[in-house]
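Asker: So here's input.txt (compact mmCIF, C-alpha atoms and all ligand atoms).
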```
# COMPACT_ATOMS: atom_id res chain seq x y z
CA MET S 1 -55.97 -23.42 -12.58
CA SER S 2 -59.35 -24.17 -11.08
CA THR S 3 -59.36 -24.28 -7.29
CA PRO S 4 -61.86 -25.68 -4.80
CA GLY S 5 -62.00 -22.51 -2.64
CA THR S 6 -63.08 -19.97 -5.23
CA GLY S 7 -63.19 -21.68 -8.59
CA SER S 8 -60.82 -19.27 -10.34
CA PRO S 9 -57.66 -17.32 -9.49
CA VAL S 10 -58.02 -14.54 -6.95
CA VAL S 11 -56.19 -11.54 -5.53
CA LEU S 12 -56.20 -10.57 -1.86
CA VAL S 13 -56.68 -6.79 -1.83
CA VAL S 14 -55.38 -5.09 1.31
CA ASN S 15 -56.03 -1.50 2.37
CA ALA S 16 -54.04 -0.93 5.55
CA GLY S 17 -54.35 2.20 7.65
CA SER S 18 -52.57 3.07 10.88
CA SER S 19 -55.22 1.43 13.09
CA SER S 20 -57.34 -0.59 10.67
CA VAL S 21 -57.00 -3.01 7.77
CA LYS S 22 -59.65 -3.71 5.14
CA TYR S 23 -59.24 -6.78 2.95
CA GLN S 24 -61.14 -8.44 0.17
CA LEU S 25 -60.60 -11.64 -1.81
CA VAL S 26 -61.47 -10.69 -5.39
CA ASP S 27 -61.68 -12.46 -8.73
CA PRO S 28 -59.73 -10.07 -11.00
CA GLU S 29 -61.61 -11.23 -14.10
CA THR S 30 -65.17 -10.76 -12.88
CA GLY S 31 -64.80 -8.57 -9.80
CA GLU S 32 -66.62 -11.20 -7.75
CA SER S 33 -65.85 -10.75 -4.07
CA HIS S 34 -65.39 -14.05 -2.21
CA ALA S 35 -64.86 -12.54 1.23
CA THR S 36 -64.37 -9.13 2.80
CA GLY S 37 -62.92 -8.15 6.12
CA LEU S 38 -62.36 -5.21 8.38
CA ILE S 39 -59.91 -5.27 11.28
CA GLU S 40 -60.33 -2.34 13.64
CA ARG S 41 -58.57 -0.94 16.71
CA ILE S 42 -55.12 -2.23 15.81
CA GLY S 43 -52.74 -1.20 18.59
CA LEU S 44 -55.49 -1.30 21.20
CA ALA S 45 -57.01 -3.86 23.51
CA ASP S 46 -60.33 -5.23 22.19
CA GLY S 47 -59.40 -5.13 18.53
CA VAL S 48 -62.07 -6.60 16.27
CA VAL S 49 -61.95 -8.67 13.10
CA HIS S 50 -65.14 -8.68 11.01
CA HIS S 51 -64.91 -11.37 8.33
CA THR S 52 -67.81 -11.52 5.89
CA VAL S 53 -68.36 -14.48 3.62
CA GLY S 54 -71.55 -15.69 1.93
CA GLY S 55 -73.57 -12.86 3.45
CA SER S 56 -72.63 -13.71 7.07
CA THR S 57 -70.27 -11.62 9.19
CA HIS S 58 -68.13 -13.36 11.81
CA GLU S 59 -66.63 -11.28 14.59
CA LEU S 60 -63.54 -11.99 16.61
CA VAL S 61 -62.52 -9.72 19.50
CA ARG S 62 -58.86 -9.95 20.54
CA ASP S 63 -55.98 -7.77 21.58
CA ILE S 64 -54.41 -6.75 18.26
CA PRO S 65 -51.10 -5.10 19.14
CA ASP S 66 -49.83 -4.70 15.58
CA HIS S 67 -50.49 -5.27 11.88
CA ALA S 68 -48.74 -8.67 11.89
CA THR S 69 -51.25 -9.91 14.47
CA ALA S 70 -54.09 -8.36 12.45
CA ILE S 71 -53.10 -10.22 9.27
CA ALA S 72 -52.52 -13.44 11.22
CA LEU S 73 -56.07 -13.16 12.61
CA ALA S 74 -57.43 -12.50 9.13
CA THR S 75 -55.78 -15.71 7.88
CA GLU S 76 -57.33 -17.54 10.84
CA ALA S 77 -60.72 -16.13 9.87
CA PHE S 78 -60.20 -17.36 6.30
CA ALA S 79 -59.21 -20.81 7.62
CA GLU S 80 -62.25 -21.03 9.86
CA HIS S 81 -64.96 -19.42 7.73
CA GLY S 82 -63.50 -19.70 4.23
CA PRO S 83 -62.43 -19.55 1.56
CA VAL S 84 -59.46 -21.56 2.84
CA LEU S 85 -56.47 -19.69 1.44
CA GLU S 86 -54.39 -22.86 1.05
CA ASP S 87 -57.05 -24.08 -1.37
CA VAL S 88 -57.29 -21.02 -3.61
CA ASP S 89 -55.08 -19.93 -6.49
CA LEU S 90 -53.83 -16.73 -4.87
CA LEU S 91 -52.18 -14.77 -7.70
CA ALA S 92 -51.05 -11.81 -5.64
CA VAL S 93 -51.69 -9.55 -2.71
CA GLY S 94 -52.66 -6.10 -4.05
CA HIS S 95 -51.97 -3.23 -1.67
CA ARG S 96 -53.57 0.16 -1.83
CA VAL S 97 -50.74 2.62 -1.23
CA VAL S 98 -51.78 6.25 -0.91
CA HIS S 99 -48.75 8.23 -2.04
CA GLY S 100 -46.44 7.15 -4.82
CA GLY S 101 -44.87 10.62 -5.21
CA PRO S 102 -43.24 11.35 -8.56
CA ASP S 103 -41.74 7.84 -8.83
CA PHE S 104 -44.69 5.51 -9.36
CA ALA S 105 -46.97 5.75 -12.37
CA ASP S 106 -47.95 2.07 -12.54
CA PRO S 107 -48.76 -0.89 -10.33
CA THR S 108 -45.44 -2.10 -8.96
CA LEU S 109 -44.11 -5.41 -7.68
CA ILE S 110 -43.03 -4.78 -4.09
CA THR S 111 -39.30 -5.28 -3.52
CA PRO S 112 -37.09 -3.97 -0.71
CA GLU S 113 -36.24 -1.03 -3.01
CA VAL S 114 -39.93 -0.21 -3.48
CA VAL S 115 -40.51 -0.36 0.29
CA ALA S 116 -37.58 2.03 0.78
CA ALA S 117 -39.01 4.39 -1.85
CA VAL S 118 -42.45 4.39 -0.19
CA GLU S 119 -40.72 5.09 3.14
CA ARG S 120 -38.95 8.08 1.59
CA LEU S 121 -42.37 9.39 0.54
CA VAL S 122 -43.73 9.35 4.13
CA PRO S 123 -43.23 13.14 4.52
CA LEU S 124 -45.71 13.61 1.64
CA ALA S 125 -48.35 11.37 3.28
CA PRO S 126 -47.52 11.08 6.98
CA LEU S 127 -51.05 9.94 7.87
CA HIS S 128 -51.27 7.20 5.24
CA ASN S 129 -48.03 5.71 3.92
CA PRO S 130 -46.82 4.40 7.34
CA GLY S 131 -49.98 2.30 7.77
CA ASN S 132 -49.70 1.07 4.19
CA LEU S 133 -46.09 -0.01 4.88
CA GLN S 134 -47.10 -1.84 8.06
CA GLY S 135 -49.74 -3.71 6.06
CA ILE S 136 -47.17 -4.65 3.41
CA ALA S 137 -44.69 -5.96 6.00
CA ALA S 138 -47.39 -8.00 7.74
CA THR S 139 -48.70 -9.63 4.55
CA GLN S 140 -45.16 -10.35 3.33
CA GLU S 141 -44.64 -12.23 6.58
CA ALA S 142 -47.94 -14.09 6.28
CA PHE S 143 -47.64 -14.90 2.54
CA PRO S 144 -43.90 -15.05 1.80
CA ASP S 145 -44.38 -16.90 -1.50
CA VAL S 146 -47.13 -14.70 -2.99
CA PRO S 147 -46.19 -11.67 -5.13
CA GLN S 148 -47.11 -8.40 -3.44
CA VAL S 149 -48.14 -5.51 -5.67
CA ALA S 150 -48.48 -1.84 -4.72
CA VAL S 151 -51.26 0.08 -6.47
CA PHE S 152 -50.83 3.79 -5.77
CA ASP S 153 -53.68 6.27 -5.34
CA THR S 154 -51.55 8.85 -7.10
CA ALA S 155 -50.42 6.69 -10.04
CA PHE S 156 -53.34 7.35 -12.41
CA HIS S 157 -52.63 11.09 -12.26
CA GLN S 158 -48.99 10.80 -13.32
CA THR S 159 -50.19 11.43 -16.90
CA MET S 160 -51.12 15.01 -16.01
CA PRO S 161 -49.20 17.52 -18.13
CA ALA S 162 -46.74 19.74 -16.26
CA ALA S 163 -49.06 22.70 -16.82
CA ALA S 164 -51.63 21.00 -14.60
CA SER S 165 -49.31 19.45 -12.02
CA THR S 166 -47.00 22.40 -11.42
CA TYR S 167 -47.63 24.85 -8.58
CA ALA S 168 -46.24 28.35 -9.09
CA VAL S 169 -44.04 28.28 -5.98
CA PRO S 170 -40.30 28.84 -5.38
CA ARG S 171 -38.03 26.50 -7.23
CA ALA S 172 -36.55 24.99 -4.06
CA TRP S 173 -40.01 23.92 -2.89
CA ARG S 174 -40.56 22.10 -6.17
CA ASP S 175 -37.07 20.62 -6.56
CA GLU S 176 -36.15 19.77 -2.99
CA HIS S 177 -39.50 19.18 -1.33
CA LEU S 178 -41.36 17.61 -4.28
CA VAL S 179 -44.15 20.20 -4.03
CA ARG S 180 -46.53 19.67 -6.96
CA ARG S 181 -50.01 18.36 -7.67
CA TYR S 182 -50.18 14.57 -7.39
CA GLY S 183 -53.89 13.87 -7.00
CA PHE S 184 -55.55 10.94 -5.22
CA HIS S 185 -58.46 8.47 -5.60
CA GLY S 186 -56.65 7.44 -8.79
CA THR S 187 -57.81 3.83 -8.63
CA SER S 188 -61.42 4.96 -8.46
CA HIS S 189 -61.02 7.51 -11.25
CA ALA S 190 -59.34 4.85 -13.43
CA TYR S 191 -62.13 2.34 -12.82
CA VAL S 192 -65.00 4.78 -13.32
CA SER S 193 -63.56 6.47 -16.41
CA ARG S 194 -63.09 3.06 -18.04
CA ARG S 195 -66.68 2.12 -17.21
CA VAL S 196 -67.84 5.43 -18.71
CA ALA S 197 -66.30 4.47 -22.06
CA GLU S 198 -67.77 0.97 -21.85
CA LEU S 199 -71.23 2.34 -21.07
CA LEU S 200 -70.95 4.86 -23.90
CA GLY S 201 -69.91 1.98 -26.16
CA ARG S 202 -66.88 3.89 -27.40
CA PRO S 203 -63.13 3.21 -27.33
CA LEU S 204 -61.55 4.57 -24.15
CA ALA S 205 -59.00 6.40 -26.28
CA GLU S 206 -61.76 8.62 -27.74
CA VAL S 207 -63.66 9.50 -24.60
CA HIS S 208 -63.43 12.72 -22.57
CA SER S 209 -64.99 12.46 -19.13
CA ILE S 210 -65.20 14.23 -15.82
CA VAL S 211 -65.33 11.87 -12.83
CA LEU S 212 -66.70 13.19 -9.55
CA HIS S 213 -65.68 10.91 -6.67
CA LEU S 214 -67.78 12.23 -3.80
CA GLY S 215 -67.31 10.35 -0.53
CA ASN S 216 -65.93 11.53 2.80
CA GLY S 217 -62.96 12.56 0.73
CA ALA S 218 -63.93 14.02 -2.64
CA SER S 219 -62.13 14.73 -5.87
CA ALA S 220 -62.85 15.57 -9.49
CA THR S 221 -60.74 14.37 -12.39
CA ALA S 222 -60.65 15.34 -16.05
CA VAL S 223 -59.92 12.21 -18.11
CA ALA S 224 -58.99 12.31 -21.81
CA GLY S 225 -58.51 9.05 -23.65
CA GLY S 226 -58.20 7.08 -20.42
CA ALA S 227 -55.53 9.43 -18.98
CA SER S 228 -55.90 11.90 -16.14
CA VAL S 229 -55.18 15.39 -17.46
CA ASP S 230 -56.17 17.34 -14.36
CA THR S 231 -57.49 16.59 -10.89
CA SER S 232 -58.73 18.62 -7.96
CA MET S 233 -56.59 17.16 -5.16
CA GLY S 234 -53.00 18.29 -4.95
CA LEU S 235 -49.87 17.57 -2.93
CA THR S 236 -52.24 16.35 -0.23
CA PRO S 237 -55.90 15.34 -0.26
CA LEU S 238 -56.86 18.76 1.16
CA GLU S 239 -57.27 20.64 -2.11
CA GLY S 240 -60.29 20.88 -4.39
CA LEU S 241 -63.86 19.98 -3.53
CA VAL S 242 -65.56 20.53 -0.17
CA MET S 243 -65.31 17.26 1.81
CA GLY S 244 -66.51 15.74 5.07
CA THR S 245 -63.81 17.36 7.20
CA ARG S 246 -61.59 19.15 4.65
CA PRO S 247 -62.26 22.53 3.07
CA GLY S 248 -60.94 21.90 -0.42
CA ASP S 249 -59.72 25.05 -2.19
CA LEU S 250 -58.68 27.82 0.12
CA ASP S 251 -56.64 30.98 -0.17
CA PRO S 252 -53.18 29.78 1.00
CA GLY S 253 -53.03 33.01 3.01
CA VAL S 254 -55.69 31.67 5.38
CA ALA S 255 -53.25 29.34 7.14
CA GLY S 256 -50.75 32.09 7.98
CA HIS S 257 -53.49 34.55 8.94
CA VAL S 258 -55.24 32.14 11.32
CA GLY S 259 -51.91 31.10 12.80
CA ARG S 260 -51.01 34.74 13.55
CA VAL S 261 -54.37 35.91 14.91
CA SER S 262 -55.24 32.76 16.88
CA GLY S 263 -51.80 31.64 18.00
CA LEU S 264 -52.31 28.14 16.54
CA SER S 265 -49.15 26.32 15.46
CA ALA S 266 -48.72 25.19 11.85
CA GLU S 267 -49.56 21.63 12.95
CA GLU S 268 -52.74 22.81 14.69
CA VAL S 269 -53.84 24.77 11.62
CA GLU S 270 -53.14 21.75 9.44
CA ARG S 271 -55.12 19.51 11.77
CA ALA S 272 -58.08 21.90 11.73
CA LEU S 273 -57.98 21.95 7.92
CA SER S 274 -57.76 18.18 7.76
CA LYS S 275 -60.16 17.15 10.54
CA GLU S 276 -62.42 20.08 11.48
CA SER S 277 -63.31 21.80 8.22
CA GLY S 278 -65.54 20.94 5.25
CA LEU S 279 -69.08 19.88 6.13
CA LEU S 280 -68.01 19.46 9.76
CA GLY S 281 -66.79 23.05 9.92
CA LEU S 282 -69.92 24.36 8.19
CA THR S 283 -72.57 22.32 10.02
CA GLY S 284 -71.01 20.50 12.98
CA SER S 285 -71.39 17.14 11.17
CA ALA S 286 -69.23 15.49 8.52
CA ASP S 287 -72.01 13.12 7.49
CA PHE S 288 -73.57 14.27 4.23
CA ARG S 289 -76.75 12.27 4.68
CA GLY S 290 -77.41 13.86 8.07
CA VAL S 291 -76.70 17.31 6.67
CA MET S 292 -79.22 16.68 3.88
CA ALA S 293 -81.89 15.76 6.45
CA ARG S 294 -81.22 19.00 8.33
CA ARG S 295 -81.33 20.96 5.08
CA ALA S 296 -84.75 19.45 4.32
CA GLU S 297 -85.92 20.96 7.61
CA GLY S 298 -84.63 24.34 6.50
CA GLU S 299 -81.66 24.61 8.86
CA GLU S 300 -79.65 27.58 7.68
CA ALA S 301 -76.16 26.11 8.15
CA ALA S 302 -77.13 22.94 6.27
CA VAL S 303 -78.69 24.95 3.42
CA LEU S 304 -75.51 27.01 3.09
CA ALA S 305 -73.26 23.93 3.28
CA PHE S 306 -75.15 22.27 0.42
CA ASP S 307 -74.91 25.45 -1.65
CA VAL S 308 -71.16 25.70 -1.02
CA VAL S 309 -70.66 22.05 -2.01
CA VAL S 310 -72.67 22.53 -5.23
CA HIS S 311 -70.94 25.80 -6.12
CA ARG S 312 -67.51 24.20 -5.75
CA LEU S 313 -68.56 21.27 -7.93
CA LEU S 314 -69.82 23.66 -10.61
CA ARG S 315 -66.50 25.50 -10.60
CA TYR S 316 -64.63 22.25 -11.19
CA VAL S 317 -66.96 20.91 -13.88
CA GLY S 318 -66.73 24.27 -15.67
CA ALA S 319 -62.95 24.42 -15.38
CA PHE S 320 -62.46 20.82 -16.47
CA THR S 321 -64.81 21.31 -19.41
CA ALA S 322 -62.50 24.07 -20.58
CA VAL S 323 -59.41 21.93 -19.90
CA LEU S 324 -60.84 19.00 -21.88
CA GLY S 325 -62.26 21.14 -24.69
CA ARG S 326 -65.10 18.66 -25.12
CA VAL S 327 -66.88 16.49 -22.55
CA ASP S 328 -68.68 13.26 -23.46
CA ALA S 329 -69.80 12.28 -19.99
CA ILE S 330 -69.85 13.25 -16.33
CA ALA S 331 -69.83 10.41 -13.79
CA PHE S 332 -70.83 10.49 -10.13
CA THR S 333 -69.38 7.91 -7.76
CA ALA S 334 -68.67 7.06 -4.05
CA GLY S 335 -71.01 7.40 -1.05
CA VAL S 336 -72.49 10.81 -1.83
CA GLY S 337 -72.20 10.65 -5.61
CA GLU S 338 -73.87 7.25 -5.83
CA ASN S 339 -76.62 7.90 -3.30
CA ASN S 340 -77.67 11.52 -3.32
CA ALA S 341 -79.98 12.45 -6.19
CA GLU S 342 -80.54 15.99 -4.90
CA LEU S 343 -76.89 16.90 -5.12
CA ARG S 344 -76.57 15.40 -8.59
CA ALA S 345 -79.67 17.29 -9.74
CA ALA S 346 -78.47 20.57 -8.23
CA VAL S 347 -75.21 20.30 -10.17
CA LEU S 348 -76.55 18.94 -13.46
CA GLU S 349 -79.54 21.32 -13.70
CA ARG S 350 -77.07 24.19 -13.72
CA LEU S 351 -75.13 22.63 -16.62
CA SER S 352 -77.81 22.74 -19.32
CA GLY S 353 -75.83 25.51 -20.99
CA LEU S 354 -72.95 23.04 -21.37
CA GLY S 355 -75.20 20.43 -22.98
CA VAL S 356 -76.28 18.39 -19.96
CA LEU S 357 -79.98 17.46 -20.10
CA LEU S 358 -80.92 15.81 -16.81
CA ASP S 359 -83.50 13.02 -16.77
CA PRO S 360 -85.07 13.70 -13.34
CA ASP S 361 -86.87 10.35 -13.13
CA ALA S 362 -83.76 8.34 -13.94
CA ASN S 363 -81.78 10.43 -11.47
CA ALA S 364 -84.33 9.84 -8.71
CA THR S 365 -84.46 6.07 -9.20
CA THR S 366 -80.90 4.95 -9.85
CA ALA S 367 -79.92 1.33 -9.28
CA GLY S 368 -76.29 0.46 -9.88
CA GLU S 369 -74.85 1.93 -13.06
CA THR S 370 -77.47 4.33 -14.40
CA LEU S 371 -77.66 6.91 -17.18
CA ILE S 372 -79.26 10.00 -15.59
CA THR S 373 -79.45 12.26 -18.64
CA THR S 374 -81.96 12.07 -21.48
CA ALA S 375 -81.23 9.97 -24.57
CA ASP S 376 -80.64 13.14 -26.62
CA SER S 377 -78.43 14.89 -24.06
CA PRO S 378 -75.23 16.05 -25.84
CA VAL S 379 -73.30 15.29 -22.64
CA ALA S 380 -74.21 12.08 -20.82
CA ALA S 381 -74.20 11.81 -17.04
CA TYR S 382 -73.98 8.54 -15.15
CA VAL S 383 -74.03 7.16 -11.67
CA ILE S 384 -71.28 4.52 -11.57
CA PRO S 385 -70.63 2.72 -8.28
CA THR S 386 -66.88 2.66 -7.81
CA ASN S 387 -65.03 -0.59 -7.18
CA GLU S 388 -61.49 0.18 -6.10
CA GLU S 389 -60.90 -3.39 -4.88
CA TRP S 390 -61.68 -4.84 -8.30
CA GLU S 391 -59.43 -2.28 -9.97
CA ILE S 392 -56.56 -3.09 -7.59
CA ALA S 393 -57.11 -6.83 -8.15
CA ARG S 394 -57.17 -6.32 -11.93
CA GLN S 395 -54.00 -4.24 -11.95
CA ALA S 396 -52.17 -6.62 -9.58
CA ALA S 397 -53.21 -9.69 -11.58
CA ALA S 398 -52.20 -8.06 -14.87
CA LEU S 399 -48.74 -7.39 -13.46
CA VAL S 400 -48.06 -10.91 -12.24
CA THR S 401 -49.63 -13.03 -14.98
P1 LIG Z 501 -65.16 7.17 2.14
O1 LIG Z 501 -64.47 8.34 1.50
O2 LIG Z 501 -64.95 7.12 3.63
O3 LIG Z 501 -64.98 5.85 1.44
P2 LIG Z 501 -67.91 6.95 1.23
O4 LIG Z 501 -67.65 6.87 -0.22
O5 LIG Z 501 -68.41 5.76 1.94
O6 LIG Z 501 -66.69 7.56 2.03
O7 LIG Z 501 -68.97 8.15 1.46
C1 LIG Z 501 -69.40 8.53 2.73
C2 LIG Z 501 -70.37 9.69 2.60
O8 LIG Z 501 -71.48 9.24 1.81
C3 LIG Z 501 -70.95 10.16 3.94
O9 LIG Z 501 -70.93 11.58 3.99
C4 LIG Z 501 -72.38 9.66 3.88
O10 LIG Z 501 -73.27 10.48 4.61
C5 LIG Z 501 -72.66 9.72 2.41
N1 LIG Z 501 -73.81 8.89 2.04
C6 LIG Z 501 -73.92 7.54 2.09
N2 LIG Z 501 -75.18 7.17 1.75
C7 LIG Z 501 -75.86 8.30 1.48
C8 LIG Z 501 -77.20 8.61 1.08
N3 LIG Z 501 -78.08 7.63 0.89
N4 LIG Z 501 -77.51 9.89 0.89
C9 LIG Z 501 -76.62 10.87 1.09
N5 LIG Z 501 -75.36 10.66 1.47
C10 LIG Z 501 -74.99 9.40 1.66
```
Would you mind giving the structure from this file in structure tokens?

Answerer:
Amino acid sequence: MSTPGTGSPVVLVVNAGSSSVKYQLVDPETGESHATGLIERIGLADGVVHHTVGGSTHELVRDIPDHATAIALATEAFAEHGPVLEDVDLLAVGHRVVHGGPDFADPTLITPEVVAAVERLVPLAPLHNPGNLQGIAATQEAFPDVPQVAVFDTAFHQTMPAAASTYAVPRAWRDEHLVRRYGFHGTSHAYVSRRVAELLGRPLAEVHSIVLHLGNGASATAVAGGASVDTSMGLTPLEGLVMGTRPGDLDPGVAGHVGRVSGLSAEEVERALSKESGLLGLTGSADFRGVMARRAEGEEAAVLAFDVVVHRLLRYVGAFTAVLGRVDAIAFTAGVGENNAELRAAVLERLSGLGVLLDPDANATTAGETLITTADSPVAAYVIPTNEEWEIARQAAALVT
């Protein structure tokens, strides 16, 4: 059905955190974004709604006590600045949900049973799933007649073989506490690995790729035939690559040791690993761009931090090359991966032995999706801007149509 507001059916993509909600009205066919929004400071006085449409951002400052108020204000912003939601063919609301545990391998129509299941998974993602649930409840209230779909960050990785997802820990931890590797950023890894195959011009089923999602959070995934076969994040998003405020891989003995010698509680150690480590722990700043500027001036801590980040990436690319047996392409995505040529060069220059022939000019001048290896490079490398909202819209639309 053609509609006056957007011209073709759309999905409202909602990414709700504990104190913020991001939303985007997306055409699932083309990825066109008709409006985006960010609601901040939920639960506080002076909450803010930023609603962007047609290149203009409209701001609304209000007390936003809860998610229901936040979503109600977003619908007001749509009514005032467009597209008017009553006038669009709204296929579904697609929710980013962080942890789907062992139960969810696919996008899922949200029912009371699904909400209960996501609630049961809160112990696995105490910082994320509660906010996601509040966002779901608020949009159900605002759009009672529109199907609501959960798209889980963990779902793409449910194809991992047991050899990759199993931690060698006591049986009770695995059976009773669901301790295993789940992986995250799945929506991004799904989107980028599909684009890799499209850019290579080969069927997804034949392509082996390594996707490096490098943002504030960072993860690497080995993808074979469109399926995740290994990923660097684990039970939580702490494992794997060095991130803005998280250390990535760490001897598990560190937590107990630091707790004993410093007197920190388990919660305090966990908080330090989640919020005070990574680039922040190494340099005092979690912002990669700023760290790069300090490195360019020769600051020792910034030089070391960059080297640690690169070394960790090399370990994962090497390991995933062995896991995959053959790699067709490596893809860089998210804030750091899309924007920092120096990091990409530092990693790829060290991979010539694995068949990666960097094209330095292409790497230095990327614009959107860009091949950054030479035409004769046995392994291709790409920059591919991620688009999680489009992927969520696509998956939600596919489920309801
Ligand atoms: P999030 O995980 O929060 O979505 P992003 O994908 O937006 O994060 O990535 C944020 C990171 O990207 C920050 O560390 C930021 O410094 C870095 N970044 C953004 N632009 C650049 C740039 N031009 N050069 C280097 N780093 C950049």

Asker: Just how far from atom CA of Val258 of chain S is atom CA of Glu176 of chain S, in Å to one decimal?

Answerer: 26.9 Å

Asker: Can you pull out every residue within 9 Å of Arg312 of chain S, counting only C-alpha atoms, but drop anything in the same chain fewer than 6 positions away, and send it as a list in words?

Answerer: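 So the residues in contact are Gly240, Leu241, Val242, Gly248 and Asp249 of chain S.
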
Asker: Put a box with edges along x, y and z around all the listed atoms of ligand LIG 501 (chain Z), pad it by 4 Å on each side, then give me its centre and sizes in Å, one decimal, as lines of an AutoDock Vina configuration file.

Answerer:
```
center_x = -71.3
center_y = 8.7
center_z = 2.2
size_x = 21.6
size_y = 13.8
size_z = 12.8
```

Asker: Could you report the residues within 9 Å of ligand LIG 501 (chain Z), using all atoms listed in the file, as a list in words?

Answerer: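 Here is the list of contacting residues: His213, Leu214, Gly215, Asn216, Gly217, Ala218, Met243, Gly244, Leu279, Ala286, Asp287, Phe288, Arg289, Gly290, Val291, Met292, Ala293, Thr333, Ala334, Gly335, Val336, Gly337, Glu338, Asn339, Asn340, Ala341, Glu342, Leu343 and Thr386 of chain S.
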
Asker: So the first atom is atom CA of Asp359 of chain S and the second is atom CA of Thr231 of chain S; what is the distance between them in Å, to one decimal place?

Answerer: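 Going from atom CA of Asp359 of chain S over to atom CA of Thr231 of chain S, I get 26.9 Å.
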
Asker: Just give me the gap between atom CA of Ala305 of chain S and atom CA of Gly278 of chain S in Å, one decimal is fine.

Answerer: 8.5 Å

Asker: Could you check which of S:Ala168, S:Phe156, S:Leu127, S:Ala398 is closest to Lys275 of chain S, using only C-alpha atoms?

Answerer: S:Leu127

Asker: Output as CSV one row per residue of segment 104-123 of chain S within 12 Å of segment 138-141 of chain S: the closest atom pair and its distance in Å to one decimal place, counting all atoms listed in the file, sorted by chain and residue number ascending.

Answerer:
```
residue,atom,partner,partner_atom,distance
S:Ile110,CA,S:Gln140,CA,9.5
S:Thr111,CA,S:Gln140,CA,10.3
S:Pro112,CA,S:Gln140,CA,11.1
S:Val115,CA,S:Gln140,CA,11.4
```

Asker: Using only C-alpha atoms, can you tell me which of S:Ala322, S:Ala380, S:Ala105, S:Ala142 comes closest to Ala197 of chain S?

Answerer: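 Distance minimum relative to Ala197 of chain S lands on S:Ala380.
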